[in-house]
Structures are given as C-alpha cells and as structure tokens.
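Asks: One file: final.json (JSON, C-alpha atoms).
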[["chain", "number", "residue", "atom", "x", "y", "z"],
["A", 1, "HIS", "CA", 163.89, -9.94, 82.92],
["A", 2, "ASP", "CA", 165.58, -12.94, 81.37],
["A", 3, "VAL", "CA", 164.36, -13.31, 77.80],
["A", 4, "GLU", "CA", 166.27, -15.42, 75.34],
["A", 5, "PRO", "CA", 164.93, -16.02, 71.84],
["A", 6, "ALA", "CA", 165.16, -19.54, 70.55],
["A", 7, "GLY", "CA", 166.09, -20.00, 66.91],
["A", 8, "ARG", "CA", 163.31, -21.57, 64.89],
["A", 9, "GLY", "CA", 164.04, -23.51, 61.76],
["A", 10, "GLU", "CA", 165.92, -21.35, 59.30],
["A", 11, "LEU", "CA", 165.78, -18.23, 61.51],
["A", 12, "THR", "CA", 168.98, -17.14, 63.14],
["A", 13, "TRP", "CA", 168.92, -15.37, 66.49],
["A", 14, "ARG", "CA", 169.09, -12.13, 64.53],
["A", 15, "GLU", "CA", 165.70, -12.75, 62.96],
["A", 16, "ALA", "CA", 164.27, -14.66, 65.94],
["A", 17, "ILE", "CA", 164.74, -11.72, 68.33],
["A", 18, "GLY", "CA", 162.16, -9.73, 66.39],
["A", 19, "GLU", "CA", 159.68, -12.59, 66.67],
["A", 20, "CYS", "CA", 160.31, -13.35, 70.34],
["A", 21, "THR", "CA", 156.95, -12.31, 71.83],
["A", 22, "PRO", "CA", 158.13, -11.91, 75.45],
["A", 23, "PHE", "CA", 161.05, -9.75, 74.34],
["A", 24, "VAL", "CA", 158.97, -7.61, 71.98],
["A", 25, "GLU", "CA", 156.27, -7.11, 74.63],
["A", 26, "LEU", "CA", 158.91, -6.10, 77.17],
["A", 27, "LEU", "CA", 160.47, -3.68, 74.69],
["A", 28, "LYS", "CA", 157.08, -2.17, 73.75],
["A", 29, "ALA", "CA", 156.26, -1.64, 77.44],
["A", 30, "HIS", "CA", 159.64, 0.04, 77.90],
["A", 31, "VAL", "CA", 158.95, 2.35, 74.95],
["A", 32, "ALA", "CA", 155.37, 3.08, 76.12],
["A", 33, "ALA", "CA", 156.78, 4.14, 79.49],
["A", 34, "GLY", "CA", 158.83, 6.79, 77.67],
["A", 35, "LYS", "CA", 162.16, 5.15, 78.41],
["A", 36, "VAL", "CA", 165.21, 5.46, 76.20],
["A", 37, "TYR", "CA", 165.95, 2.51, 73.95],
["A", 38, "GLY", "CA", 168.37, 1.62, 71.22],
["A", 39, "ALA", "CA", 169.57, -1.23, 69.08],
["A", 40, "ILE", "CA", 172.80, -2.47, 67.56],
["A", 41, "CYS", "CA", 173.90, -4.67, 64.68],
["A", 42, "ALA", "CA", 170.92, -6.14, 62.79],
["A", 43, "ALA", "CA", 168.34, -5.33, 65.49],
["A", 44, "PRO", "CA", 167.12, -2.01, 64.03],
["A", 45, "ALA", "CA", 166.16, -3.85, 60.83],
["A", 46, "VAL", "CA", 164.98, -7.20, 62.19],
["A", 47, "CYS", "CA", 163.48, -6.23, 65.54],
["A", 48, "LEU", "CA", 162.63, -2.53, 65.84],
["A", 49, "LEU", "CA", 161.39, -1.98, 62.28],
["A", 50, "PRO", "CA", 159.03, -4.97, 61.93],
["A", 51, "ASN", "CA", 157.54, -4.33, 65.36],
["A", 52, "GLY", "CA", 156.76, -0.67, 64.73],
["A", 53, "LEU", "CA", 159.47, 0.56, 67.09],
["A", 54, "LEU", "CA", 161.57, 2.41, 64.55],
["A", 55, "PRO", "CA", 159.87, 5.67, 63.60],
["A", 56, "LEU", "CA", 160.03, 6.08, 59.83],
["A", 57, "ASP", "CA", 161.14, 9.69, 60.25],
["A", 58, "ALA", "CA", 163.98, 8.76, 62.60],
["A", 59, "PRO", "CA", 167.60, 8.41, 61.52],
["A", 60, "ALA", "CA", 168.70, 4.80, 61.62],
["A", 61, "THR", "CA", 171.73, 2.65, 61.05],
["A", 62, "CYS", "CA", 172.39, -1.08, 61.25],
["A", 63, "HIS", "CA", 174.80, -3.78, 60.18],
["A", 64, "PRO", "CA", 175.54, -3.27, 56.46],
["A", 65, "GLY", "CA", 174.20, -6.75, 55.68],
["A", 66, "PHE", "CA", 170.72, -5.64, 56.80],
["A", 67, "ALA", "CA", 170.75, -2.03, 55.50],
["A", 68, "GLU", "CA", 168.53, -2.86, 52.55],
["A", 69, "LYS", "CA", 165.66, -3.64, 54.94],
["A", 70, "LEU", "CA", 165.76, -0.06, 56.19],
["A", 71, "VAL", "CA", 165.93, 1.31, 52.64],
["A", 72, "GLU", "CA", 163.01, -0.89, 51.52],
["A", 73, "ALA", "CA", 160.94, 0.34, 54.49],
["A", 74, "GLY", "CA", 161.05, 3.82, 53.05],
["A", 75, "LEU", "CA", 163.06, 5.59, 55.73],
["A", 76, "PRO", "CA", 163.65, 9.06, 54.24],
["A", 77, "GLY", "CA", 167.40, 8.82, 54.76],
["A", 78, "GLY", "CA", 167.56, 5.09, 54.09],
["A", 79, "CYS", "CA", 170.24, 3.55, 56.23],
["A", 80, "SER", "CA", 172.82, 5.98, 57.55],
["A", 81, "GLU", "CA", 176.43, 4.97, 57.08],
["A", 82, "ASP", "CA", 177.22, 6.59, 60.42],
["A", 83, "ARG", "CA", 178.21, 4.10, 63.10],
["A", 84, "VAL", "CA", 175.92, 5.77, 65.65],
["A", 85, "VAL", "CA", 172.75, 7.79, 65.12],
["A", 86, "VAL", "CA", 170.61, 9.44, 67.79],
["A", 87, "ASN", "CA", 166.97, 10.44, 67.69],
["A", 88, "GLY", "CA", 165.35, 12.38, 70.50],
["A", 89, "GLN", "CA", 167.03, 12.18, 73.88]]
Show how you would write the structure in this file as structure tokens.
Replies:
Amino acid sequence: HDVEPAGRGELTWREAIGECTPFVELLKAHVAAGKVYGAICAAPAVCLLPNGLLPLDAPATCHPGFAEKLVEAGLPGGCSEDRVVVNGQ
C-alpha cells in the first residue's frame, strides 16, 4: 500500500503520521492479523501510543525529543534509554 501522510498546518510529518487515517487503519489491520510490527524515531510516541497500538505494559523507546510522551502515558518503565527494545516475538 502507498500511504503518505500530508502535513496539516502546524503538524510535522512526525505528528501527522499518527493522524493519517489510511495509515492507522492499515497498521491496525496488520496488528489484528497478529503480524509483527515496530516503530522508530518519534513513531512510538506520536503514532503507536495515541492509536492504542503501544501496550502500556510493553517496553518502549523513541527519539529522546518525544520520550516525555511515553513517560506521561504512564508506561511502567517510562521510556527506555536502550536503542532497541523488543516485546513478544
């Protein structure tokens, strides 16, 4: 699928990706099918978390500039400083 979020107003692509309905629907279908998924940079905080795709009991990491969003969400471990974290598979 070709899905490209368009920036809207003050939103950068980092924030817009989490509000891109076609992308989020595609990702949710992927998750519902039991497929492996992951995110890099700001995406755990601005896409997975606000769309209910980041389990609150899962370890998570993201770009340091967005780490506070994970902490504010109440993730038990906050935002890991590890460069890579794995949950499940």
Asks: I need every residue sitting at most 12 Å from the point (170.3, 0.4, 72.7) (coordinates as in the file, all atoms listed in the file considered), written as number ranges by chain.
Replies: A: 27, 30-31, 35-44, 47-48, 61-62, 84-87
Asks: Using atom CA of A:Ala32 and atom CA of A:Val46 as the two end points, give the distance in Å to one decimal.
Replies: 19.8 Å
Asks: Using Å and a single decimal, report how far atom CA of A:Pro50 sits from atom CA of A:Gly77.
Replies: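 Computing the Euclidean distance for atom CA of A:Gly77 and atom CA of A:Pro50 yields 17.7 Å.
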Asks: Would you mind telling me which residue in A:Gly34, A:Ala45, A:Gly88, A:Gly52 lies nearest to A:Val71 when using only C-alpha atoms?
Replies: A:Ala45
Asks: Just the number, please: distance in Å from atom CA of A:Cys20 to atom CA of A:Asp82, one decimal.
Replies: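 Interatomic distance here is 28.0 Å.
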Asks: Around the point (172.2, -1.7, 56.0) in the file's coordinates, collect all residues with an atom within 9 Å, using all atoms listed in the file, and return them as a list in words.
Replies: Ala42, Ala45, Thr61, Cys62, His63, Pro64, Gly65, Phe66, Ala67, Glu68, Lys69, Leu70, Val71, Gly78, Cys79, Ser80 and Glu81 of chain A
Asks: Take the structure in the block and write a file for chain A, C-alpha atoms, as a short mmCIF file (atom, residue, chain, number, x, y, z; two decimals), in the first residue's frame.
Replies:
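The file below, out-v7.cif, is the result:
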data_model
loop_
_atom_site.label_atom_id
_atom_site.label_comp_id
_atom_site.auth_asym_id
_atom_site.auth_seq_id
_atom_site.Cartn_x
_atom_site.Cartn_y
_atom_site.Cartn_z
CA HIS A 1 0.00 0.00 0.00
CA ASP A 2 1.17 3.51 -0.73
CA VAL A 3 0.17 5.75 2.16
CA GLU A 4 1.80 9.10 2.63
CA PRO A 5 0.64 11.47 5.36
CA ALA A 6 0.26 15.08 4.39
CA GLY A 7 1.36 17.68 6.91
CA ARG A 8 -1.53 19.79 8.15
CA GLY A 9 -0.96 23.27 9.46
CA GLU A 10 1.49 23.18 12.34
CA LEU A 11 1.80 19.38 12.32
CA THR A 12 5.03 17.93 11.06
CA TRP A 13 5.06 14.54 9.34
CA ARG A 14 6.03 13.10 12.72
CA GLU A 15 2.71 14.11 14.24
CA ALA A 16 0.71 13.74 11.01
CA ILE A 17 1.57 10.04 10.65
CA GLY A 18 -0.41 9.26 13.79
CA GLU A 19 -3.42 11.10 12.39
CA CYS A 20 -3.23 9.65 8.88
CA THR A 21 -6.42 7.55 8.86
CA PRO A 22 -5.46 5.26 5.95
CA PHE A 23 -2.09 4.51 7.54
CA VAL A 24 -3.52 3.92 11.02
CA GLU A 25 -6.26 1.65 9.63
CA LEU A 26 -3.67 -0.33 7.68
CA LEU A 27 -1.48 -0.65 10.77
CA LYS A 28 -4.42 -1.71 12.98
CA ALA A 29 -5.39 -4.38 10.43
CA HIS A 30 -1.79 -5.60 10.41
CA VAL A 31 -1.78 -5.82 14.21
CA ALA A 32 -5.22 -7.51 14.31
CA ALA A 33 -3.88 -10.16 11.93
CA GLY A 34 -1.22 -10.99 14.53
CA LYS A 35 1.65 -9.70 12.42
CA VAL A 36 4.86 -8.30 13.84
CA TYR A 37 5.16 -4.53 13.88
CA GLY A 38 7.56 -1.93 15.16
CA ALA A 39 8.32 1.75 15.07
CA ILE A 40 11.34 4.02 15.04
CA CYS A 41 12.20 7.59 15.94
CA ALA A 42 9.14 9.52 17.17
CA ALA A 43 6.58 6.99 15.90
CA PRO A 44 6.16 5.03 19.15
CA ALA A 45 5.09 8.27 20.88
CA VAL A 46 3.17 10.02 18.11
CA CYS A 47 1.65 7.10 16.20
CA LEU A 48 1.53 3.86 18.19
CA LEU A 49 0.69 5.34 21.60
CA PRO A 50 -2.18 7.68 20.62
CA ASN A 51 -3.77 4.98 18.47
CA GLY A 52 -3.75 2.31 21.17
CA LEU A 53 -1.04 0.27 19.47
CA LEU A 54 1.58 0.52 22.19
CA PRO A 55 0.63 -1.75 25.10
CA LEU A 56 1.15 0.14 28.34
CA ASP A 57 2.92 -2.87 29.83
CA ALA A 58 5.34 -3.16 26.91
CA PRO A 59 8.89 -1.82 26.95
CA ALA A 60 9.24 1.16 24.65
CA THR A 61 11.81 3.58 23.37
CA CYS A 62 11.70 6.53 21.00
CA HIS A 63 13.60 9.61 19.91
CA PRO A 64 14.70 11.46 23.08
CA GLY A 65 12.76 14.55 22.00
CA PHE A 66 9.50 12.59 22.33
CA ALA A 67 10.34 10.46 25.39
CA GLU A 68 8.22 12.58 27.71
CA LYS A 69 5.09 11.47 25.84
CA LEU A 70 5.80 7.88 26.83
CA VAL A 71 6.51 8.87 30.43
CA GLU A 72 3.30 10.95 30.62
CA ALA A 73 1.31 7.98 29.28
CA GLY A 74 2.21 6.03 32.38
CA LEU A 75 4.33 3.29 30.85
CA PRO A 76 5.71 1.44 33.89
CA GLY A 77 9.28 1.78 32.67
CA GLY A 78 8.75 5.18 31.10
CA CYS A 79 10.90 5.48 28.03
CA SER A 80 13.80 3.08 27.87
CA GLU A 81 17.16 4.58 27.05
CA ASP A 82 18.01 1.43 25.11
CA ARG A 83 18.28 1.98 21.38
CA VAL A 84 16.18 -1.12 20.66
CA VAL A 85 13.53 -2.81 22.78
CA VAL A 86 11.56 -5.95 21.93
CA ASN A 87 8.21 -7.13 23.20
CA GLY A 88 6.80 -10.51 22.31
CA GLN A 89 8.15 -12.13 19.16
#
